[in-house]
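Engineer: So that you have it, the file is coords17.txt, and it contains compact mmCIF, C-alpha atoms:
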```txt
# COMPACT_ATOMS: atom_id res chain seq x y z
CA MET A 11 -17.25 -11.08 -61.70
CA GLU A 12 -15.31 -11.51 -58.45
CA ILE A 13 -12.10 -9.50 -57.99
CA TYR A 14 -9.71 -12.47 -58.34
CA GLU A 15 -11.37 -13.52 -61.57
CA GLU A 16 -11.16 -9.93 -62.78
CA LEU A 17 -7.41 -9.84 -62.07
CA VAL A 18 -7.01 -12.99 -64.13
CA ALA A 19 -9.17 -11.60 -66.94
CA ARG A 20 -7.11 -8.42 -67.03
CA GLY A 21 -3.92 -10.46 -67.41
CA LEU A 22 -2.44 -9.48 -64.06
CA ILE A 23 -1.79 -12.89 -62.50
CA ALA A 24 1.15 -14.97 -63.64
CA GLN A 25 1.88 -17.48 -60.86
CA VAL A 26 0.32 -18.29 -57.53
CA THR A 27 0.67 -20.66 -54.61
CA ASP A 28 -2.47 -22.08 -52.96
CA GLU A 29 -4.77 -20.65 -55.62
CA GLU A 30 -8.03 -21.74 -53.99
CA CYS A 31 -7.12 -20.07 -50.69
CA ILE A 32 -5.86 -16.97 -52.46
CA ARG A 33 -9.06 -16.69 -54.48
CA ASP A 34 -11.20 -17.06 -51.35
CA MET A 35 -9.23 -14.50 -49.35
CA ILE A 36 -9.11 -11.87 -52.08
CA ASN A 37 -12.74 -12.28 -53.10
CA ASN A 38 -13.88 -12.00 -49.48
CA GLY A 39 -11.66 -9.04 -48.57
CA LYS A 40 -9.54 -11.08 -46.14
CA ALA A 41 -6.13 -10.39 -47.68
CA THR A 42 -3.58 -8.13 -46.03
CA PHE A 43 -0.92 -7.96 -48.70
CA TYR A 44 2.31 -6.13 -49.33
CA ILE A 45 4.19 -4.89 -52.37
CA GLY A 46 7.73 -3.56 -52.09
CA PHE A 47 9.11 -0.31 -53.53
CA ASP A 48 12.79 0.67 -53.63
CA PRO A 49 13.29 4.34 -52.60
CA THR A 50 16.00 4.98 -55.16
CA ALA A 51 14.44 8.24 -56.41
CA ASP A 52 12.11 10.92 -55.08
CA SER A 53 9.32 9.92 -57.45
CA LEU A 54 7.62 6.76 -58.61
CA HIS A 55 7.57 6.16 -62.37
CA VAL A 56 5.21 4.44 -64.77
CA GLY A 57 7.03 1.16 -64.22
CA HIS A 58 5.30 1.13 -60.82
CA PHE A 59 1.88 1.60 -62.40
CA MET A 60 0.90 -2.04 -62.44
CA ALA A 61 1.56 -2.46 -58.73
CA LEU A 62 -0.23 0.78 -57.80
CA CYS A 63 -3.31 -0.09 -59.86
CA LEU A 64 -3.37 -3.58 -58.35
CA MET A 65 -3.27 -2.13 -54.83
CA LYS A 66 -6.16 0.16 -55.69
CA ARG A 67 -8.27 -2.65 -57.15
CA LEU A 68 -7.73 -4.90 -54.15
CA GLN A 69 -8.43 -2.14 -51.62
CA MET A 70 -11.67 -1.31 -53.44
CA ALA A 71 -12.62 -4.97 -52.93
CA GLY A 72 -12.07 -4.73 -49.17
CA ASN A 73 -8.50 -5.98 -48.89
CA ARG A 74 -5.75 -4.14 -47.01
CA PRO A 75 -2.57 -3.00 -48.82
CA ILE A 76 0.82 -2.55 -47.18
CA ALA A 77 3.30 -0.49 -49.19
CA LEU A 78 6.74 -1.61 -48.09
CA ILE A 79 9.55 0.88 -48.69
CA GLY A 80 12.97 -0.77 -48.85
CA GLY A 81 14.76 1.81 -46.74
CA GLY A 82 16.83 -0.81 -44.94
CA THR A 83 18.03 -2.61 -48.04
CA ALA A 84 18.66 0.74 -49.73
CA MET A 85 21.11 1.60 -46.95
CA ILE A 86 23.46 -1.10 -48.23
CA GLY A 87 22.65 -0.73 -51.93
CA VAL A 88 19.98 -2.95 -53.39
CA PRO A 89 21.32 -5.46 -55.97
CA SER A 90 20.50 -4.14 -59.42
CA GLY A 91 21.03 -7.27 -61.50
CA ARG A 92 23.95 -5.55 -63.21
CA THR A 93 27.65 -5.96 -62.50
CA ASP A 94 27.62 -2.83 -60.36
CA MET A 95 25.51 -1.83 -57.36
CA ARG A 96 23.18 1.09 -56.89
CA SER A 97 24.76 3.96 -55.03
CA MET A 98 24.38 4.09 -51.26
CA MET A 99 21.95 6.66 -49.91
CA THR A 100 21.76 8.54 -46.63
CA GLN A 101 18.89 8.02 -44.22
CA GLU A 102 17.76 11.60 -44.89
CA THR A 103 17.55 10.98 -48.65
CA ILE A 104 15.69 7.71 -48.13
CA GLN A 105 13.18 9.37 -45.79
CA HIS A 106 12.62 12.20 -48.27
CA ASN A 107 11.96 9.67 -51.04
CA CYS A 108 9.57 7.74 -48.79
CA ASP A 109 7.60 10.92 -48.07
CA CYS A 110 7.37 11.66 -51.81
CA PHE A 111 6.20 8.10 -52.51
CA ARG A 112 3.39 8.38 -49.98
CA LYS A 113 2.02 11.57 -51.55
CA GLN A 114 1.91 9.89 -54.96
CA MET A 115 0.47 6.65 -53.60
CA GLU A 116 -2.37 8.58 -51.96
CA ARG A 117 -3.83 9.11 -55.44
CA PHE A 118 -4.26 5.35 -55.71
CA ILE A 119 -4.86 3.99 -52.20
CA GLU A 120 -6.31 5.32 -48.97
CA PHE A 121 -4.10 5.32 -45.89
CA GLY A 122 -5.37 5.40 -42.33
CA GLU A 123 -6.58 3.30 -39.42
CA GLY A 124 -7.70 -0.06 -40.74
CA LYS A 125 -6.82 1.01 -44.28
CA ALA A 126 -3.57 1.00 -46.25
CA MET A 127 -0.25 1.17 -44.43
CA LEU A 128 3.17 2.49 -45.41
CA VAL A 129 6.07 0.75 -43.68
CA ASN A 130 9.84 0.94 -44.03
CA ASN A 131 11.96 -2.17 -43.60
CA ALA A 132 14.69 0.01 -42.10
CA ASP A 133 12.60 -0.13 -38.92
CA TRP A 134 13.49 -3.79 -38.43
CA LEU A 135 16.47 -4.59 -40.68
CA LEU A 136 18.77 -1.92 -39.26
CA ASN A 137 18.30 -3.29 -35.75
CA LEU A 138 19.14 -6.89 -36.59
CA ASN A 139 22.11 -8.60 -35.01
CA TYR A 140 23.92 -10.33 -37.85
CA ILE A 141 24.99 -13.39 -35.87
CA GLU A 142 21.47 -13.89 -34.54
CA PHE A 143 20.06 -13.38 -38.04
CA ILE A 144 22.19 -16.02 -39.73
CA ARG A 145 21.63 -18.48 -36.86
CA ASP A 146 17.87 -17.96 -36.77
CA ILE A 147 16.96 -17.12 -40.38
CA GLY A 148 19.95 -18.26 -42.41
CA ALA A 149 19.54 -21.79 -41.10
CA CYS A 150 16.17 -21.99 -42.92
CA PHE A 151 17.71 -21.59 -46.39
CA SER A 152 19.35 -24.29 -48.47
CA VAL A 153 22.27 -23.01 -50.53
CA ASN A 154 21.63 -25.72 -53.12
CA ASN A 155 18.02 -24.59 -53.53
CA MET A 156 19.04 -20.93 -53.71
CA LEU A 157 21.54 -21.61 -56.49
CA ARG A 158 18.80 -23.29 -58.50
CA ALA A 159 16.71 -20.11 -58.33
CA GLU A 160 16.53 -18.32 -61.69
CA CYS A 161 17.62 -14.99 -60.21
CA PHE A 162 20.91 -16.54 -59.03
CA LYS A 163 21.47 -18.75 -62.06
CA GLN A 164 21.47 -15.67 -64.28
CA ARG A 165 24.13 -14.02 -62.11
CA MET A 166 26.49 -16.96 -61.63
CA GLU A 167 28.28 -16.47 -64.97
CA LYS A 168 28.99 -12.80 -64.32
CA GLY A 169 29.78 -13.24 -60.65
CA LEU A 170 27.48 -13.35 -57.66
CA SER A 171 28.35 -11.00 -54.81
CA PHE A 172 27.91 -11.96 -51.16
CA LEU A 173 25.40 -9.11 -50.81
CA GLU A 174 23.22 -10.46 -53.61
CA PHE A 175 23.37 -13.92 -52.08
CA ASN A 176 22.03 -12.48 -48.82
CA TYR A 177 19.19 -10.63 -50.51
CA MET A 178 16.81 -13.59 -50.63
CA PRO A 179 16.94 -14.19 -46.85
CA MET A 180 16.56 -10.44 -46.25
CA GLN A 181 13.49 -10.11 -48.48
CA SER A 182 12.06 -13.30 -47.03
CA TYR A 183 12.52 -11.85 -43.56
CA ASP A 184 10.44 -8.82 -44.60
CA PHE A 185 7.44 -11.08 -45.27
CA TYR A 186 8.06 -13.03 -42.06
CA TYR A 187 8.20 -9.79 -40.03
CA LEU A 188 5.08 -8.34 -41.66
CA PHE A 189 3.23 -11.64 -41.14
CA LYS A 190 4.04 -11.69 -37.43
CA ASN A 191 3.57 -8.00 -36.67
CA TYR A 192 0.90 -6.80 -39.11
CA GLY A 193 -1.06 -9.92 -40.02
CA CYS A 194 0.22 -9.72 -43.62
CA ASN A 195 -0.83 -13.01 -45.22
CA MET A 196 -0.02 -12.35 -48.87
CA GLN A 197 2.75 -10.84 -50.96
CA PHE A 198 2.73 -9.58 -54.53
CA GLY A 199 5.70 -9.03 -56.80
CA GLY A 200 6.99 -9.36 -60.31
CA ASN A 201 8.06 -12.49 -62.12
CA ASP A 202 11.69 -11.62 -61.41
CA GLN A 203 10.93 -11.78 -57.68
CA TRP A 204 9.31 -15.21 -57.68
CA SER A 205 12.21 -17.09 -56.04
CA ASN A 206 12.58 -14.48 -53.30
CA MET A 207 8.83 -14.53 -52.66
CA LEU A 208 8.75 -18.30 -52.37
CA GLY A 209 11.60 -17.96 -49.87
CA GLY A 210 9.40 -15.73 -47.71
CA THR A 211 6.48 -18.13 -47.83
CA GLU A 212 8.71 -21.07 -46.96
CA LEU A 213 10.37 -19.15 -44.10
CA ILE A 214 7.00 -18.43 -42.47
CA ARG A 215 5.95 -22.04 -42.73
CA ARG A 216 9.24 -23.34 -41.36
CA LYS A 217 9.23 -20.92 -38.45
CA LEU A 218 5.53 -20.91 -37.63
CA GLY A 219 4.28 -24.24 -38.96
CA LYS A 220 2.97 -25.45 -42.28
CA ASP A 221 -0.55 -24.33 -41.42
CA ALA A 222 0.51 -20.68 -41.44
CA GLN A 223 -1.34 -18.93 -44.23
CA ALA A 224 1.35 -17.20 -46.26
CA MET A 225 0.80 -16.92 -49.97
CA THR A 226 2.45 -15.44 -53.01
CA ILE A 227 1.23 -14.01 -56.28
CA THR A 228 3.36 -12.58 -59.07
CA LEU A 229 2.27 -9.94 -61.51
CA LEU A 230 2.28 -10.78 -65.19
CA LEU A 231 4.75 -8.93 -67.38
CA ASN A 232 6.53 -7.16 -64.56
CA SER A 233 9.65 -6.95 -66.73
CA GLU A 234 7.55 -5.07 -69.30
CA GLY A 235 6.17 -2.94 -66.50
CA LYS A 236 9.69 -1.87 -65.63
CA LYS A 237 10.39 -1.10 -69.28
CA MET A 238 7.26 1.07 -69.29
CA GLY A 239 9.07 3.47 -66.99
CA LYS A 240 11.95 4.08 -69.37
CA THR A 241 12.25 5.99 -72.61
CA ALA A 242 15.24 6.99 -74.69
CA SER A 243 15.51 10.20 -72.67
CA GLY A 244 15.11 8.65 -69.20
CA ALA A 245 12.24 7.77 -66.90
CA VAL A 246 8.59 8.77 -67.17
CA TRP A 247 7.85 9.98 -63.66
CA LEU A 248 4.59 10.42 -61.79
CA ASP A 249 5.88 13.69 -60.31
CA PRO A 250 4.60 16.52 -62.58
CA ASN A 251 7.79 18.49 -61.90
CA LYS A 252 9.82 15.68 -63.47
CA THR A 253 7.41 14.64 -66.24
CA SER A 254 4.72 17.18 -67.13
CA PRO A 255 1.11 15.97 -67.44
CA PHE A 256 1.36 16.69 -71.17
CA ASP A 257 4.48 14.55 -71.61
CA PHE A 258 2.88 11.86 -69.45
CA TYR A 259 -0.21 11.91 -71.67
CA GLN A 260 1.92 11.82 -74.81
CA TYR A 261 3.88 8.83 -73.52
CA TRP A 262 0.72 6.74 -73.31
CA ARG A 263 -0.74 8.26 -76.47
CA ASN A 264 2.23 6.91 -78.38
CA VAL A 265 2.37 3.31 -77.14
CA ASP A 266 2.71 0.67 -79.84
CA ASP A 267 -0.47 -0.53 -81.55
CA ALA A 268 0.20 -4.05 -80.28
CA ASP A 269 0.31 -2.86 -76.64
CA VAL A 270 -2.56 -0.39 -76.38
CA LEU A 271 -5.38 -2.83 -75.55
CA LYS A 272 -3.13 -4.77 -73.19
CA CYS A 273 -2.33 -1.53 -71.33
CA ILE A 274 -5.99 -0.51 -71.21
CA ARG A 275 -6.92 -3.92 -69.81
CA MET A 276 -4.17 -4.02 -67.20
CA LEU A 277 -3.90 -0.39 -66.10
CA THR A 278 -7.25 1.37 -66.47
CA PHE A 279 -10.43 0.90 -64.47
CA LEU A 280 -12.70 0.80 -67.50
CA PRO A 281 -15.22 -2.10 -67.41
CA LEU A 282 -14.01 -5.28 -69.05
CA GLU A 283 -17.11 -5.36 -71.22
CA GLN A 284 -16.16 -1.99 -72.72
CA ILE A 285 -12.58 -3.14 -73.26
CA ASP A 286 -13.75 -6.34 -74.93
CA GLU A 287 -15.63 -4.23 -77.47
CA MET A 288 -12.47 -2.20 -78.08
CA ASP A 289 -10.63 -5.44 -78.85
CA LYS A 290 -12.43 -5.38 -82.20
CA TRP A 291 -11.04 -1.96 -83.15
CA GLN A 292 -8.55 -1.77 -85.98
CA GLY A 293 -6.65 0.80 -88.01
CA SER A 294 -7.45 4.40 -87.13
CA GLU A 295 -9.68 3.22 -84.28
CA LEU A 296 -6.51 2.25 -82.41
CA ASN A 297 -5.62 5.94 -82.24
CA ARG A 298 -8.88 6.50 -80.43
CA ALA A 299 -7.98 3.66 -78.05
CA LYS A 300 -4.61 5.31 -77.39
CA GLU A 301 -6.34 8.59 -76.54
CA ILE A 302 -8.60 6.76 -74.11
CA LEU A 303 -5.60 5.09 -72.49
CA ALA A 304 -3.66 8.34 -72.24
CA TYR A 305 -6.61 10.27 -70.81
CA GLU A 306 -7.55 7.61 -68.23
CA LEU A 307 -4.04 7.21 -66.87
CA THR A 308 -3.27 10.94 -66.86
CA ALA A 309 -6.52 11.55 -64.95
CA LEU A 310 -5.60 8.81 -62.49
CA VAL A 311 -2.21 10.36 -61.71
CA HIS A 312 -2.75 14.09 -62.25
CA GLY A 313 -6.52 14.56 -62.08
CA LYS A 314 -9.18 15.08 -64.75
CA GLU A 315 -8.45 18.79 -65.23
CA GLU A 316 -4.82 18.14 -66.14
CA ALA A 317 -5.84 15.21 -68.34
CA GLU A 318 -8.23 17.45 -70.28
CA LYS A 319 -5.55 20.13 -70.68
CA ALA A 320 -3.06 17.55 -71.94
CA GLN A 321 -5.59 16.14 -74.38
CA THR A 322 -6.41 19.62 -75.69
CA ALA A 323 -2.72 20.40 -76.14
CA ALA A 324 -2.14 17.08 -77.90
CA HIS A 325 -4.97 17.77 -80.34
CA ALA A 326 -3.45 21.18 -80.99
CA LEU A 327 -0.34 19.55 -82.41
CA PHE A 328 -2.35 18.28 -85.35
CA ALA A 329 -4.64 21.26 -85.87
CA GLY A 330 -3.08 24.35 -87.42
CA GLY A 331 -3.57 27.48 -85.35
CA ALA A 332 -5.09 25.57 -82.45
CA ASP A 333 -4.41 26.54 -78.85
CA ASP A 334 -1.08 25.12 -77.66
CA SER A 335 -1.02 26.97 -74.34
CA ASN A 336 -1.00 23.71 -72.38
CA MET A 337 2.09 22.37 -74.13
CA PRO A 338 5.15 22.04 -71.83
CA THR A 339 6.93 25.37 -72.02
CA THR A 340 10.34 26.68 -70.98
CA GLU A 341 11.00 30.37 -70.53
CA ILE A 342 14.42 31.34 -71.86
CA GLU A 343 16.27 34.02 -69.88
CA GLU A 344 17.77 37.00 -71.67
CA SER A 345 21.13 36.00 -70.22
CA ALA A 346 21.02 32.78 -72.25
CA LEU A 347 21.19 34.74 -75.51
CA THR A 348 24.40 35.69 -77.30
CA ASP A 349 24.09 38.33 -79.98
CA ASP A 350 20.29 38.07 -79.76
CA ALA A 351 20.19 34.32 -80.40
CA ILE A 352 20.69 30.93 -78.77
CA ALA A 353 22.33 27.89 -80.37
CA ILE A 354 20.05 24.94 -81.03
CA MET A 355 22.09 22.62 -78.81
CA ASP A 356 21.92 25.09 -75.91
CA LEU A 357 18.18 25.47 -76.45
CA LEU A 358 17.61 21.71 -76.35
CA MET A 359 19.49 21.49 -73.07
CA ALA A 360 17.71 24.53 -71.59
CA CYS A 361 14.36 22.89 -72.33
CA GLY A 362 15.44 19.61 -70.75
CA LEU A 363 15.09 17.75 -74.05
CA THR A 364 18.66 16.43 -73.93
CA PRO A 365 20.96 15.87 -70.94
CA SER A 366 24.16 17.05 -72.66
CA LYS A 367 25.54 18.88 -75.67
CA SER A 368 26.87 15.64 -77.10
CA GLU A 369 23.38 14.12 -77.00
CA ALA A 370 21.94 17.32 -78.52
CA ARG A 371 24.54 17.19 -81.30
CA ARG A 372 23.75 13.55 -82.05
CA LEU A 373 20.02 14.26 -82.13
CA VAL A 374 20.40 17.17 -84.53
CA MET A 375 22.83 15.34 -86.80
CA GLN A 376 20.40 12.41 -87.06
CA GLY A 377 17.61 14.76 -88.16
CA GLY A 378 15.64 14.32 -84.97
CA VAL A 379 14.88 17.99 -84.23
CA ALA A 380 12.42 20.39 -85.83
CA ILE A 381 11.66 24.05 -85.06
CA ASN A 382 8.12 25.09 -85.95
CA GLU A 383 7.87 21.86 -88.00
CA GLN A 384 10.99 22.73 -90.02
CA LYS A 385 13.72 20.12 -89.66
CA VAL A 386 16.96 21.46 -88.21
CA THR A 387 19.65 20.49 -90.70
CA GLY A 388 22.78 21.50 -88.81
CA ILE A 389 24.21 22.20 -85.38
CA ASP A 390 24.90 25.79 -86.40
CA ARG A 391 21.16 26.63 -86.33
CA LEU A 392 20.48 29.67 -84.16
CA VAL A 393 17.09 30.50 -82.69
CA THR A 394 16.70 34.28 -82.69
CA ARG A 395 15.25 36.62 -80.11
CA GLU A 396 12.36 37.37 -82.49
CA GLU A 397 11.53 33.67 -82.83
CA LEU A 398 11.63 33.16 -79.07
CA ALA A 399 9.51 36.25 -78.47
CA ALA A 400 6.82 34.73 -80.69
CA GLY A 401 7.31 31.30 -79.14
CA VAL A 402 8.92 28.39 -80.96
CA LYS A 403 7.58 24.85 -81.10
CA ILE A 404 10.33 22.24 -80.80
CA ARG A 405 9.75 18.67 -81.92
CA LYS A 406 12.14 15.99 -80.72
CA GLY A 407 11.82 12.83 -82.77
CA LYS A 408 8.27 12.15 -83.87
CA LYS A 409 6.46 12.33 -80.57
CA VAL A 410 8.00 14.78 -78.08
CA TYR A 411 6.85 18.40 -78.31
CA HIS A 412 7.98 21.41 -76.32
CA LYS A 413 7.61 25.17 -76.54
CA ALA A 414 10.28 27.75 -75.79
CA ILE A 415 9.51 31.42 -75.25
CA LEU A 416 11.54 34.44 -74.22
CA LYS A 417 11.01 35.38 -70.59
```
Would you kindly transcribe this structure into structure tokens?
Structural biologist:
Amino acid sequence: MEIYEELVARGLIAQVTDEECIRDMINNGKATFYIGFDPTADSLHVGHFMALCLMKRLQMAGNRPIALIGGGTAMIGVPSGRTDMRSMMTQETIQHNCDCFRKQMERFIEFGEGKAMLVNNADWLLNLNYIEFIRDIGACFSVNNMLRAECFKQRMEKGLSFLEFNYMPMQSYDFYYLFKNYGCNMQFGGNDQWSNMLGGTELIRRKLGKDAQAMTITLLLNSEGKKMGKTASGAVWLDPNKTSPFDFYQYWRNVDDADVLKCIRMLTFLPLEQIDEMDKWQGSELNRAKEILAYELTALVHGKEEAEKAQTAAHALFAGGADDSNMPTTEIEESALTDDAIAIMDLLMACGLTPSKSEARRLVMQGGVAINEQKVTGIDRLVTREELAAGVKIRKGKKVYHKAILK
């Protein structure tokens, strides 16, 4: 099976322009394509997984990825789709985030001469003259057409800021610049980016002629991909210092039954023939599929050794007396104890299981916390020095496990 057909079979392609040309270029390793990443944090999260895996697949087939970091747009606050804007960031913070992104991306794609590239749109956007930009680029965009775009229609009722209205020309200019300076002939993005991507394709053709080969592809279920990165307690990060390999493994181990085969198909590199056989699995076999998914993705991000440790620790949760040494653990300082004990709410915060005392209180009151598999029935529960010295296993909800031990 050719790579384009494989992408379709895995459910990764939603919409395309010029499908025959796109198929030919991708299957013959002629595509130089970009995917954009907003540097709003110092780590990628699992919502980026689909894009990272796609870049890896296409590079393995001989195509060249360009990872575009939105450092320029981040300087003015990238529109979030909400009524407020993301906070502005300094150039130093953006550069730090870019450096962190590259380290994580290197687990998926290979950078170097003639290989993958990492570029920052700050390099060209920050040097633009606004009057020249609106005369040269703005003239290529019809306001009527822009207002018909789904991304703007959804915002009109709540109010559309001037910044958001300028975002389509700015993103389109990214593709135009990459096309002219790096030979980038294809762009990938989520369904929510379709209008902006079409703007980039149209800009290239208007500026350079209709024969210019500029193409767009959107990823299926990008909105779900973004949801993948969020849980009730925050984001699931690729940085092991933010989300431990164990918690990362557990996140995928606990996906819904209805999603497990879809995730395996879209995100792992297992052969399609093997996945097709797994499509027949039902009942308890789905738990086996979840373990496969969790192991494969943890190995992809953190390496096989960490994946095996996480799997061993996960099995230990359901086997009495088994080794739980690989479970995420927090050492509690002596200074955190008062009268040889620590309050349950303070312990939850110390272990990073809740961001505040109010959230810890709510969790306890709703019966969502257990110590050594005994439900905590009140906020007055104290965990003693003796318990901590032996190590206590904390369960948050049904799926999040953590160990606390006295330092």
Engineer: How far is it from atom CA of A:Cys194 to atom CA of A:Ile227, in Å with one decimal?
Structural biologist: 13.4 Å
Engineer: Using all atoms listed in the file for the distances, tell me which of A:Leu416, A:Val246, A:Met337, A:Ile147 is nearest to A:Ala320.
Structural biologist: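 Smallest distance to A:Ala320 is found for A:Met337.
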Engineer: If we count all atoms listed in the file, what is near A:Ala399 at a cut-off of 12 Å, once residues fewer than 6 positions away on the same chain are taken out, given as a list in words?
Structural biologist: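 Skipping anything fewer than 6 positions along the chain leaves Glu341, Ile342, Glu343, Glu344, Asp350, Ala351, Val393, Lys413, Ala414, Ile415, Leu416 and Lys417 of chain A.
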Engineer: Please provide as number ranges by chain all residues within 10 Å of A:Ser205, with the sequence filter that same-chain residues fewer than 2 positions apart are discarded (counting only C-alpha atoms).
Structural biologist: A: 155-156, 158-162, 178, 182, 201-203, 207-210
Engineer: Which of these residues is nearest to A:Leu22, using all atoms listed in the file: A:Met180, A:Ala324, A:Met60, A:Ala77?
Structural biologist: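 Between A:Met180, A:Ala324, A:Met60, A:Ala77, the residue approaching A:Leu22 most closely is A:Met60.
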Engineer: How far is it from atom CA of A:Cys150 to atom CA of A:Ala41, in Å with one decimal?
Structural biologist: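 Between atom CA of A:Cys150 and atom CA of A:Ala41 the gap works out to 25.6 Å.
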